[in-house]
>>> print(open('query-v4.cif').read())   # mmCIF, C-alpha atoms and all ligand atoms
data_input
loop_
_atom_site.label_atom_id
_atom_site.label_comp_id
_atom_site.auth_asym_id
_atom_site.auth_seq_id
_atom_site.Cartn_x
_atom_site.Cartn_y
_atom_site.Cartn_z
CA MET L 13 -3.51 11.90 -13.50
CA THR L 14 -2.70 8.37 -12.68
CA ALA L 15 -5.27 5.67 -12.27
CA VAL L 16 -4.07 3.68 -9.34
CA LYS L 17 -6.07 0.58 -8.69
CA HIS L 18 -4.88 -2.60 -7.20
CA GLY L 19 -7.75 -4.84 -8.27
CA ALA L 20 -6.93 -7.15 -11.16
CA ALA L 21 -8.38 -6.13 -14.48
CA ALA L 22 -7.04 -9.02 -16.51
CA GLY L 23 -8.77 -11.79 -14.56
CA ASP L 24 -7.53 -15.35 -14.73
CA ALA L 25 -6.24 -14.87 -18.26
CA GLY L 26 -3.60 -12.54 -16.87
CA ARG L 27 -2.61 -14.82 -14.02
CA PRO L 28 1.10 -15.43 -14.02
CA GLU L 29 2.79 -18.69 -13.07
CA ARG L 30 3.54 -17.86 -9.45
CA ALA L 31 0.71 -17.83 -6.93
CA ASP L 32 1.84 -14.46 -5.57
CA TRP L 33 1.79 -12.97 -9.08
CA THR L 34 5.44 -11.92 -8.92
CA ILE L 35 7.61 -12.10 -11.99
CA ASP L 36 11.26 -11.37 -12.59
CA GLN L 37 11.80 -7.72 -13.34
CA GLY L 38 13.99 -8.70 -16.28
CA TRP L 39 16.05 -5.57 -15.81
CA GLU L 40 18.53 -6.61 -18.50
CA ASN L 41 15.72 -6.65 -21.05
CA TYR L 42 14.74 -2.97 -20.89
CA THR L 43 15.41 -1.25 -24.19
CA ALA L 44 17.21 2.06 -24.69
CA GLU L 45 13.81 3.61 -25.53
CA GLU L 46 12.34 2.41 -22.25
CA HIS L 47 15.25 3.84 -20.25
CA ALA L 48 14.81 7.07 -22.22
CA VAL L 49 11.14 7.36 -21.21
CA TRP L 50 12.17 6.89 -17.58
CA LYS L 51 14.80 9.62 -18.01
CA THR L 52 12.31 12.08 -19.47
CA LEU L 53 9.88 11.47 -16.61
CA PHE L 54 12.60 11.54 -13.96
CA GLU L 55 14.16 14.80 -15.13
CA ARG L 56 10.82 16.53 -15.44
CA GLN L 57 9.90 15.64 -11.85
CA ALA L 58 13.39 16.37 -10.50
CA LYS L 59 13.07 19.95 -11.76
CA LEU L 60 9.54 20.39 -10.48
CA LEU L 61 9.59 18.78 -7.05
CA PRO L 62 11.97 20.92 -4.98
CA GLY L 63 9.69 22.92 -2.69
CA ARG L 64 6.76 20.65 -3.55
CA ALA L 65 7.68 17.14 -2.38
CA CYS L 66 7.91 16.63 1.39
CA ASP L 67 11.29 16.34 3.10
CA GLU L 68 10.84 12.61 3.71
CA PHE L 69 10.37 11.95 0.00
CA VAL L 70 13.51 13.91 -0.87
CA ALA L 71 15.54 12.12 1.81
CA GLY L 72 14.32 8.69 0.64
CA MET L 73 15.13 9.47 -2.98
CA ARG L 74 18.65 10.60 -2.08
CA ALA L 75 19.41 7.43 -0.17
CA LEU L 76 18.21 5.03 -2.88
CA PRO L 77 19.88 3.88 -6.10
CA ILE L 78 17.37 5.79 -8.24
CA GLY L 79 18.71 8.10 -10.93
CA ALA L 80 17.80 9.67 -14.23
CA ASP L 81 19.71 7.44 -16.60
CA GLN L 82 18.21 4.01 -16.01
CA ILE L 83 15.06 2.32 -14.81
CA PRO L 84 16.09 1.17 -11.33
CA ASP L 85 16.98 -2.45 -10.68
CA PHE L 86 14.56 -3.79 -8.04
CA ARG L 87 17.27 -6.02 -6.54
CA ARG L 88 19.42 -3.00 -5.74
CA LEU L 89 16.45 -1.03 -4.40
CA SER L 90 15.50 -3.94 -2.15
CA ASP L 91 19.06 -4.20 -0.76
CA VAL L 92 18.89 -0.61 0.46
CA LEU L 93 15.25 -0.68 1.57
CA MET L 94 15.75 -3.91 3.50
CA LYS L 95 18.52 -2.33 5.57
CA HIS L 96 16.45 0.73 6.43
CA THR L 97 12.87 -0.43 6.90
CA GLY L 98 12.77 -4.14 6.03
CA TRP L 99 10.86 -3.60 2.80
CA GLN L 100 11.59 -5.01 -0.65
CA VAL L 101 10.28 -4.31 -4.13
CA VAL L 102 8.86 -7.22 -6.15
CA ALA L 103 7.91 -7.06 -9.83
CA VAL L 104 4.37 -7.76 -11.02
CA PRO L 105 2.96 -7.56 -14.53
CA GLY L 106 0.46 -4.80 -13.64
CA LEU L 107 -2.66 -4.88 -11.51
CA VAL L 108 -2.98 -7.79 -9.12
CA PRO L 109 -6.02 -9.05 -7.17
CA ASP L 110 -6.69 -7.26 -3.89
CA ASP L 111 -5.89 -10.23 -1.66
CA VAL L 112 -2.54 -10.76 -3.41
CA PHE L 113 -1.75 -7.07 -3.09
CA PHE L 114 -2.59 -6.97 0.63
CA GLU L 115 -0.63 -10.15 1.32
CA HIS L 116 2.46 -8.56 -0.21
CA LEU L 117 2.10 -5.35 1.76
CA ALA L 118 1.42 -7.21 5.00
CA ASN L 119 4.81 -8.87 4.46
CA ARG L 120 6.64 -5.68 3.52
CA ARG L 121 6.88 -6.47 -0.17
CA PHE L 122 5.87 -3.65 -2.48
CA PRO L 123 4.49 -4.95 -5.80
CA ALA L 124 5.72 -2.71 -8.61
CA GLY L 125 4.72 -2.79 -12.26
CA HIS L 126 7.81 -3.75 -14.26
CA PHE L 127 6.77 -2.06 -17.50
CA VAL L 128 7.21 1.59 -18.36
CA ARG L 129 4.60 3.72 -20.10
CA ARG L 130 5.05 4.64 -23.77
CA ALA L 131 6.66 7.92 -24.78
CA ASP L 132 3.26 9.18 -26.01
CA GLN L 133 1.60 8.46 -22.63
CA LEU L 134 3.75 10.57 -20.33
CA ASP L 135 0.82 12.10 -18.49
CA TYR L 136 -1.73 9.35 -18.54
CA LEU L 137 -1.72 5.67 -17.84
CA GLU L 138 -4.38 3.22 -16.77
CA GLU L 139 -2.22 0.85 -14.78
CA PRO L 140 0.60 1.81 -12.46
CA ASP L 141 3.92 1.45 -14.27
CA VAL L 142 7.46 1.36 -12.97
CA PHE L 143 7.68 5.14 -12.84
CA HIS L 144 4.59 5.53 -10.69
CA ASP L 145 5.43 2.59 -8.45
CA VAL L 146 9.16 3.14 -8.02
CA PHE L 147 9.61 6.89 -8.30
CA GLY L 148 6.31 7.59 -6.52
CA HIS L 149 6.18 4.98 -3.77
CA VAL L 150 9.61 3.59 -3.03
CA PRO L 151 11.26 6.75 -1.60
CA MET L 152 8.46 7.00 0.98
CA LEU L 153 9.04 3.37 1.98
CA MET L 154 12.42 4.48 3.33
CA ASN L 155 10.54 6.39 6.00
CA PRO L 156 9.76 4.27 9.09
CA VAL L 157 6.29 5.78 9.57
CA ILE L 158 5.19 5.11 6.00
CA ALA L 159 6.84 1.69 6.12
CA ASP L 160 4.69 0.70 9.10
CA TYR L 161 1.58 2.39 7.77
CA ILE L 162 1.60 0.58 4.42
CA GLN L 163 2.24 -2.75 6.09
CA ALA L 164 -0.70 -2.05 8.41
CA TYR L 165 -2.81 -1.27 5.35
CA GLY L 166 -1.98 -4.72 3.96
CA VAL L 167 -3.04 -6.40 7.20
CA GLY L 168 -6.10 -4.16 7.43
CA GLY L 169 -7.02 -4.86 3.81
CA LEU L 170 -7.24 -8.60 4.37
CA ARG L 171 -9.47 -7.93 7.37
CA ALA L 172 -11.62 -5.29 5.63
CA GLN L 173 -12.35 -7.78 2.83
CA LYS L 174 -13.89 -10.14 5.36
CA LEU L 175 -15.86 -7.32 7.00
CA GLY L 176 -17.19 -5.92 3.72
CA MET L 177 -15.44 -2.58 4.38
CA LEU L 178 -12.82 -2.70 1.65
CA GLU L 179 -14.20 0.25 -0.24
CA GLN L 180 -13.99 2.42 2.87
CA LEU L 181 -10.45 1.30 3.65
CA ALA L 182 -9.31 1.77 0.06
CA ARG L 183 -10.39 5.42 0.29
CA VAL L 184 -8.03 5.90 3.22
CA TYR L 185 -5.15 4.51 1.15
CA TRP L 186 -6.17 6.65 -1.79
CA TYR L 187 -6.31 9.92 0.12
CA THR L 188 -3.07 9.23 2.01
CA VAL L 189 -0.55 6.97 0.26
CA GLU L 190 -1.64 7.99 -3.23
CA PHE L 191 -2.95 11.56 -2.99
CA GLY L 192 -1.90 12.85 0.42
CA LEU L 193 -0.60 16.32 1.24
CA VAL L 194 1.20 17.22 4.46
CA LYS L 195 1.94 20.50 6.24
CA GLN L 196 5.56 21.39 6.69
CA LYS L 197 7.01 24.46 8.40
CA ASP L 198 7.51 26.06 5.01
CA GLY L 199 4.13 25.19 3.52
CA LEU L 200 2.05 22.39 2.05
CA ARG L 201 3.97 19.50 0.56
CA ILE L 202 3.18 16.35 -1.42
CA TYR L 203 3.73 12.87 0.00
CA GLY L 204 1.21 10.89 -2.10
CA ALA L 205 2.73 8.75 -4.84
CA GLY L 206 -0.05 9.44 -7.32
CA ILE L 207 0.76 13.15 -7.14
CA VAL L 208 4.52 13.06 -6.83
CA SER L 209 4.85 10.83 -9.91
CA SER L 210 2.57 13.10 -11.98
CA TYR L 211 3.89 16.31 -13.49
CA THR L 212 0.48 17.89 -13.99
CA GLU L 213 -1.01 16.89 -10.63
CA SER L 214 2.12 18.01 -8.74
CA ILE L 215 1.21 21.50 -9.92
CA PHE L 216 -2.58 21.21 -9.71
CA SER L 217 -2.70 19.79 -6.18
CA LEU L 218 -0.65 22.62 -4.65
CA ASP L 219 -1.17 25.64 -6.91
CA ASP L 220 -4.57 25.42 -8.55
CA ALA L 221 -7.57 27.27 -7.07
CA SER L 222 -9.96 24.49 -8.08
CA PRO L 223 -9.52 21.68 -5.51
CA ASN L 224 -10.44 21.72 -1.83
CA ARG L 225 -7.68 21.14 0.69
CA ILE L 226 -9.14 19.74 3.89
CA GLY L 227 -7.65 18.51 7.16
CA PHE L 228 -7.50 14.71 7.25
CA ASP L 229 -10.19 12.96 9.27
CA LEU L 230 -10.41 9.18 9.16
CA ALA L 231 -14.19 8.66 9.28
CA ARG L 232 -14.79 11.51 6.85
CA VAL L 233 -12.28 10.12 4.35
CA MET L 234 -13.79 6.63 4.62
CA ARG L 235 -17.06 8.08 3.33
CA THR L 236 -15.54 10.10 0.49
CA ARG L 237 -15.55 8.87 -3.09
CA TYR L 238 -12.63 9.71 -5.29
CA ARG L 239 -11.76 10.38 -8.92
CA ILE L 240 -9.87 7.54 -10.51
CA ASP L 241 -9.43 9.07 -13.95
CA ASP L 242 -8.77 12.74 -13.30
CA PHE L 243 -7.32 15.20 -10.81
CA GLN L 244 -8.81 14.94 -7.32
CA GLU L 245 -11.50 17.45 -6.36
CA SER L 246 -10.36 17.35 -2.73
CA TYR L 247 -7.01 16.66 -1.12
CA PHE L 248 -6.75 15.70 2.55
CA VAL L 249 -3.93 17.23 4.52
CA LEU L 250 -2.00 15.81 7.47
CA ASN L 251 -0.51 18.11 10.10
CA HIS L 252 2.44 15.76 10.26
CA LEU L 253 3.34 12.37 8.75
CA ASP L 254 3.31 10.93 12.27
CA GLU L 255 -0.49 11.02 12.10
CA LEU L 256 -0.12 7.93 9.92
CA LEU L 257 1.69 6.13 12.70
CA GLU L 258 -1.40 6.49 14.83
CA LEU L 259 -3.54 5.14 11.97
CA ALA L 260 -1.18 2.16 11.65
CA ASN L 261 -1.77 1.27 15.29
CA ILE L 262 -5.42 1.95 16.03
CA ASP L 263 -8.30 -0.49 15.71
CA PHE L 264 -10.45 0.50 12.73
CA ASP L 265 -13.48 -1.51 13.90
CA PRO L 266 -15.14 1.33 15.86
CA VAL L 267 -14.65 3.63 12.87
CA TYR L 268 -16.13 1.04 10.50
CA ALA L 269 -19.10 0.75 12.88
CA GLN L 270 -19.46 4.54 12.87
CA VAL L 271 -19.54 4.89 9.07
CA LYS L 272 -21.30 1.67 8.06
CA GLY L 273 -24.54 2.35 6.22
CA LEU L 274 -24.01 6.13 6.10
CA PRO L 275 -24.20 7.80 2.67
CA ASP L 276 -21.05 8.57 0.73
CA TYR L 277 -19.73 12.07 0.19
CA LEU L 278 -18.99 13.19 -3.35
CA PRO L 279 -15.36 13.97 -4.21
CA GLY L 280 -15.94 17.74 -4.17
CA ASP L 281 -18.16 18.01 -1.08
CA VAL L 282 -17.16 20.39 1.72
CA LEU L 283 -18.83 19.79 5.09
CA ASP L 284 -19.56 22.18 7.96
CA THR L 285 -17.43 19.96 10.16
CA ASP L 286 -14.39 20.03 7.82
CA ARG L 287 -11.20 21.79 8.78
CA VAL L 288 -10.90 23.65 5.49
CA LEU L 289 -7.46 24.91 4.49
CA THR L 290 -8.52 25.98 1.02
CA ARG L 291 -12.06 25.99 -0.25
CA GLY L 292 -11.72 25.19 -3.93
CA THR L 293 -13.51 27.03 -6.71
CA GLY L 294 -14.30 23.69 -8.35
CA HIS L 295 -13.86 25.34 -11.75
CA TYR L 296 -11.69 22.54 -13.14
CA SER L 297 -14.17 19.74 -12.49
CA ALA L 298 -17.18 21.92 -13.37
CA ALA L 299 -15.67 22.63 -16.77
CA LYS L 300 -15.14 18.91 -17.30
CA ARG L 301 -18.80 18.21 -16.58
CA GLN L 302 -20.09 20.79 -19.05
CA PRO L 303 -20.49 19.88 -22.71
CA ALA L 304 -18.02 21.73 -24.88
CA PRO L 305 -19.44 25.11 -26.01
CA ILE L 306 -20.65 25.22 -29.57
CA THR L 307 -18.67 27.63 -31.67
CA LEU L 308 -19.93 28.84 -35.02
FE FE U 1 0.29 3.71 -6.39
#
>>> encode(input="query-v4.cif", output="structure tokens", more="lines below")
Ligand SMILES: [Fe+2]
Amino acid sequence: MTAVKHGAAAGDAGRPERADWTIDQGWENYTAEEHAVWKTLFERQAKLLPGRACDEFVAGMRALPIGADQIPDFRRLSDVLMKHTGWQVVAVPGLVPDDVFFEHLANRRFPAGHFVRRADQLDYLEEPDVFHDVFGHVPMLMNPVIADYIQAYGVGGLRAQKLGMLEQLARVYWYTVEFGLVKQKDGLRIYGAGIVSSYTESIFSLDDASPNRIGFDLARVMRTRYRIDDFQESYFVLNHLDELLELANIDFDPVYAQVKGLPDYLPGDVLDTDRVLTRGTGHYSAAKRQPAPITL
């Protein structure tokens, strides 16, 4: 359960010195405790993810200087990424304003939180930390399709802001880059960073009977609200990651025109027109909405 927003929460008070909000990672300043938190998180996911993470995630992770023992050094990550897909990782203090975020992505710079969560927050954090951003996102940036798709999202984000369609576009990012599932020959797999960096959601998204798993459809996703503070009620599934390549190249304007002014769908809605892979029981979210039973 990882809240992944890119809008700034801190406002001007949190504005760093540089206009693009980047800071030095300060890799040399991480403490032994901070590296130890990384190690705990890394080892937990490394055990869990075989057979759950998609092949592209596994391949990206193998090719990068990311290991259990230390928080990765962004300079070394960027060296490898740059050679493969022209991306680099830049450090930011936490959330950054949308326009700053999009500008980075449009230029193939991935802004990553430089801090690591505390040892007592392993399964919950409000702002994306280095584990979410680096472990979750960076391996996928080694894949040329994702590399192009996220850059296109940056360009599209700047445009959607002007068109008043940012909320709709952000849902596409949410249900793909953050919480996407993809079909592989051997079953459903995770490619979304919000899932793959979360122990509990890596299990919930694939194994639990509660959520819906629905074939991805762009206009449908644009109209679908999402849960920012809990497991998703619906996951959208690609037939193949190459579907994102198409999304990186098409003009969104006709789709914006199609959805503009139409009502939103709730996170758990299932429509007659959906390609439903799994119709969820919804028991997890229903239980959350009920007041706790009174016991005498
Ligand atoms: Fe993220």
>>> residues_near_ligand(input="query-v4.cif", ligand="ligand FE 1 (chain U)", cutoff="12 Å", atoms="only C-alpha atoms and all ligand atoms", output="NGL selection string")
:L and (13-19 or 106-107 or 113 or 122-125 or 137-150 or 152 or 162 or 182 or 185-192 or 203-210 or 240)
>>> residues_around(input="query-v4.cif", residues="stretch 154-160 of chain L", least_positions_apart="3", cutoff="8 Å", atoms="only C-alpha atoms", output="PyMOL selection string")
chain L and resi 68+72+93+96-97+99+120+150-151+163-164+253-254+256-257+260
>>> residues_around(input="query-v4.cif", residues="L:His252", least_positions_apart="3", cutoff="9 Å", atoms="only C-alpha atoms", output="mmCIF file with C-alpha atoms, in the frame of the given file")
data_model
loop_
_atom_site.group_PDB
_atom_site.id
_atom_site.type_symbol
_atom_site.label_atom_id
_atom_site.label_comp_id
_atom_site.auth_asym_id
_atom_site.auth_seq_id
_atom_site.Cartn_x
_atom_site.Cartn_y
_atom_site.Cartn_z
ATOM 1 C CA VAL L 194 1.200 17.220 4.460
ATOM 2 C CA LYS L 195 1.940 20.500 6.240
ATOM 3 C CA GLN L 196 5.560 21.390 6.690
ATOM 4 C CA VAL L 249 -3.930 17.230 4.520
ATOM 5 C CA GLU L 255 -0.490 11.020 12.100
ATOM 6 C CA LEU L 256 -0.120 7.930 9.920
#
>>> closest_atom_pairs(input="query-v4.cif", of="stretch 121-167 of chain L", to="stretch 40-55 of chain L", cutoff="10 Å", atoms="all atoms listed in the file", output="JSON lines")
{"residue": "L:His126", "atom": "CA", "partner": "L:Tyr42", "partner_atom": "CA", "distance": 9.6}
{"residue": "L:Phe127", "atom": "CA", "partner": "L:Glu46", "partner_atom": "CA", "distance": 8.6}
{"residue": "L:Val128", "atom": "CA", "partner": "L:Glu46", "partner_atom": "CA", "distance": 6.5}
{"residue": "L:Arg129", "atom": "CA", "partner": "L:Val49", "partner_atom": "CA", "distance": 7.6}
{"residue": "L:Arg130", "atom": "CA", "partner": "L:Val49", "partner_atom": "CA", "distance": 7.1}
{"residue": "L:Ala131", "atom": "CA", "partner": "L:Val49", "partner_atom": "CA", "distance": 5.8}
{"residue": "L:Asp132", "atom": "CA", "partner": "L:Val49", "partner_atom": "CA", "distance": 9.4}
{"residue": "L:Gln133", "atom": "CA", "partner": "L:Val49", "partner_atom": "CA", "distance": 9.7}
{"residue": "L:Leu134", "atom": "CA", "partner": "L:Leu53", "partner_atom": "CA", "distance": 7.2}
{"residue": "L:Asp135", "atom": "CA", "partner": "L:Leu53", "partner_atom": "CA", "distance": 9.3}
{"residue": "L:Val142", "atom": "CA", "partner": "L:Trp50", "partner_atom": "CA", "distance": 8.6}
{"residue": "L:Phe143", "atom": "CA", "partner": "L:Trp50", "partner_atom": "CA", "distance": 6.8}
{"residue": "L:His144", "atom": "CA", "partner": "L:Leu53", "partner_atom": "CA", "distance": 9.9}
{"residue": "L:Phe147", "atom": "CA", "partner": "L:Phe54", "partner_atom": "CA", "distance": 7.9}
>>> write_last_selection(input="query-v4.cif", atoms="C-alpha atoms", output="mmCIF file, keeping the file's coordinate frame")
data_model
loop_
_atom_site.group_PDB
_atom_site.id
_atom_site.type_symbol
_atom_site.label_atom_id
_atom_site.label_comp_id
_atom_site.auth_asym_id
_atom_site.auth_seq_id
_atom_site.Cartn_x
_atom_site.Cartn_y
_atom_site.Cartn_z
ATOM 1 C CA HIS L 126 7.810 -3.750 -14.260
ATOM 2 C CA PHE L 127 6.770 -2.060 -17.500
ATOM 3 C CA VAL L 128 7.210 1.590 -18.360
ATOM 4 C CA ARG L 129 4.600 3.720 -20.100
ATOM 5 C CA ARG L 130 5.050 4.640 -23.770
ATOM 6 C CA ALA L 131 6.660 7.920 -24.780
ATOM 7 C CA ASP L 132 3.260 9.180 -26.010
ATOM 8 C CA GLN L 133 1.600 8.460 -22.630
ATOM 9 C CA LEU L 134 3.750 10.570 -20.330
ATOM 10 C CA ASP L 135 0.820 12.100 -18.490
ATOM 11 C CA VAL L 142 7.460 1.360 -12.970
ATOM 12 C CA PHE L 143 7.680 5.140 -12.840
ATOM 13 C CA HIS L 144 4.590 5.530 -10.690
ATOM 14 C CA PHE L 147 9.610 6.890 -8.300
#
>>> atom_distance(input="query-v4.cif", atom1="atom CA of L:Arg30", atom2="atom CA of L:Ile83")
23.8 Å
>>> closest_residue(input="query-v4.cif", among="L:Asp284, L:Glu115, L:Asp91, L:Glu258", to="L:Ala31", atoms="all atoms listed in the file")
L:Glu115
>>> atom_distance(input="query-v4.cif", atom1="atom CA of L:Val70", atom2="atom CA of L:Ser217")
18.0 Å
>>> residues_around(input="query-v4.cif", residues="L:Val282", least_positions_apart="3", cutoff="10 Å", atoms="all atoms listed in the file", output="PyMOL selection string")
chain L and resi 224-226+246+277-279+285-288+291-292
>>> closest_residue(input="query-v4.cif", among="L:Val184, L:His116, L:Leu274, L:Pro266", to="L:Met234", atoms="only C-alpha atoms")
L:Val184
>>> closest_residue(input="query-v4.cif", among="L:Leu259, L:Leu289, L:Arg201, L:Phe228", to="L:Ile215", atoms="all atoms listed in the file")
L:Arg201
>>> axis_aligned_box(input="query-v4.cif", around="stretch 166-184 of chain L", padding_each_side="5 Å", output="AutoDock Vina command-line options")
--center_x -9.6 --center_y -2.1 --center_z 3.6 --size_x 25.2 --size_y 26.0 --size_z 17.7
>>> decode(input="query-v4.cif", residues="stretch 204-295 of chain L", atoms="C-alpha atoms", output="compact mmCIF listing (two decimals), in the first residue's frame")
# COMPACT_ATOMS: atom_id res chain seq x y z
CA GLY L 204 3.43 -1.69 -11.77
CA ALA L 205 5.95 -0.13 -9.41
CA GLY L 206 3.41 0.49 -6.66
CA ILE L 207 2.73 -3.24 -6.50
CA VAL L 208 6.18 -4.65 -7.11
CA SER L 209 7.68 -2.52 -4.32
CA SER L 210 4.95 -3.57 -1.85
CA TYR L 211 5.11 -6.94 -0.11
CA THR L 212 1.43 -7.02 0.82
CA GLU L 213 0.07 -5.75 -2.51
CA SER L 214 2.31 -8.13 -4.50
CA ILE L 215 0.27 -10.90 -2.89
CA PHE L 216 -3.11 -9.17 -2.84
CA SER L 217 -3.08 -8.06 -6.48
CA LEU L 218 -2.45 -11.57 -7.85
CA ASP L 219 -3.82 -13.99 -5.25
CA ASP L 220 -6.68 -12.35 -3.39
CA ALA L 221 -10.30 -12.98 -4.42
CA SER L 222 -11.32 -9.42 -3.54
CA PRO L 223 -10.14 -7.19 -6.41
CA ASN L 224 -11.41 -7.12 -9.99
CA ARG L 225 -8.94 -7.83 -12.76
CA ILE L 226 -10.11 -6.20 -15.97
CA GLY L 227 -8.63 -5.87 -19.46
CA PHE L 228 -7.06 -2.45 -19.96
CA ASP L 229 -9.09 0.07 -21.94
CA LEU L 230 -7.84 3.64 -22.22
CA ALA L 231 -11.12 5.58 -22.11
CA ARG L 232 -12.49 3.36 -19.34
CA VAL L 233 -9.38 3.84 -17.21
CA MET L 234 -9.46 7.61 -17.73
CA ARG L 235 -12.88 7.64 -16.05
CA THR L 236 -11.92 5.38 -13.13
CA ARG L 237 -11.06 6.76 -9.72
CA TYR L 238 -8.45 5.00 -7.67
CA ARG L 239 -7.50 4.30 -4.06
CA ILE L 240 -4.51 6.27 -2.94
CA ASP L 241 -4.31 4.94 0.60
CA ASP L 242 -5.16 1.27 0.29
CA PHE L 243 -5.05 -1.73 -2.02
CA GLN L 244 -6.71 -1.15 -5.40
CA GLU L 245 -10.25 -2.48 -5.87
CA SER L 246 -9.57 -3.08 -9.57
CA TYR L 247 -6.42 -3.86 -11.50
CA PHE L 248 -6.22 -3.33 -15.26
CA VAL L 249 -4.44 -5.97 -17.26
CA LEU L 250 -2.46 -5.62 -20.49
CA ASN L 251 -2.27 -8.49 -22.96
CA HIS L 252 1.32 -7.49 -23.61
CA LEU L 253 3.60 -4.62 -22.53
CA ASP L 254 3.74 -3.53 -26.18
CA GLU L 255 0.24 -2.12 -25.70
CA LEU L 256 2.00 0.73 -23.90
CA LEU L 257 4.02 1.48 -26.99
CA GLU L 258 0.82 2.21 -28.82
CA LEU L 259 -0.31 4.48 -25.97
CA ALA L 260 3.03 6.32 -26.15
CA ASN L 261 2.41 7.12 -29.80
CA ILE L 262 -1.28 7.87 -30.19
CA ASP L 263 -2.96 11.25 -29.91
CA PHE L 264 -4.97 11.38 -26.68
CA ASP L 265 -7.12 14.32 -27.82
CA PRO L 266 -9.94 12.23 -29.33
CA VAL L 267 -10.03 10.13 -26.16
CA TYR L 268 -10.14 13.25 -23.97
CA ALA L 269 -13.02 14.51 -26.13
CA GLN L 270 -14.80 11.17 -25.70
CA VAL L 271 -14.58 11.14 -21.88
CA LYS L 272 -14.85 14.85 -21.09
CA GLY L 273 -17.88 15.62 -18.95
CA LEU L 274 -18.82 11.95 -18.46
CA PRO L 275 -19.24 10.72 -14.87
CA ASP L 276 -16.42 8.92 -13.11
CA TYR L 277 -16.49 5.23 -12.30
CA LEU L 278 -15.84 4.15 -8.73
CA PRO L 279 -12.71 2.08 -8.08
CA GLY L 280 -14.68 -1.16 -7.67
CA ASP L 281 -17.17 -0.75 -10.53
CA VAL L 282 -17.47 -3.52 -13.13
CA LEU L 283 -19.16 -2.55 -16.40
CA ASP L 284 -21.06 -4.66 -18.94
CA THR L 285 -18.50 -3.60 -21.52
CA ASP L 286 -15.48 -4.69 -19.43
CA ARG L 287 -13.32 -7.61 -20.44
CA VAL L 288 -13.39 -9.21 -17.00
CA LEU L 289 -10.60 -11.65 -16.15
CA THR L 290 -11.59 -11.97 -12.51
CA ARG L 291 -14.70 -10.52 -10.97
CA GLY L 292 -13.67 -9.66 -7.43
CA THR L 293 -15.70 -10.47 -4.35
CA GLY L 294 -14.97 -6.98 -3.01
CA HIS L 295 -14.82 -8.43 0.49
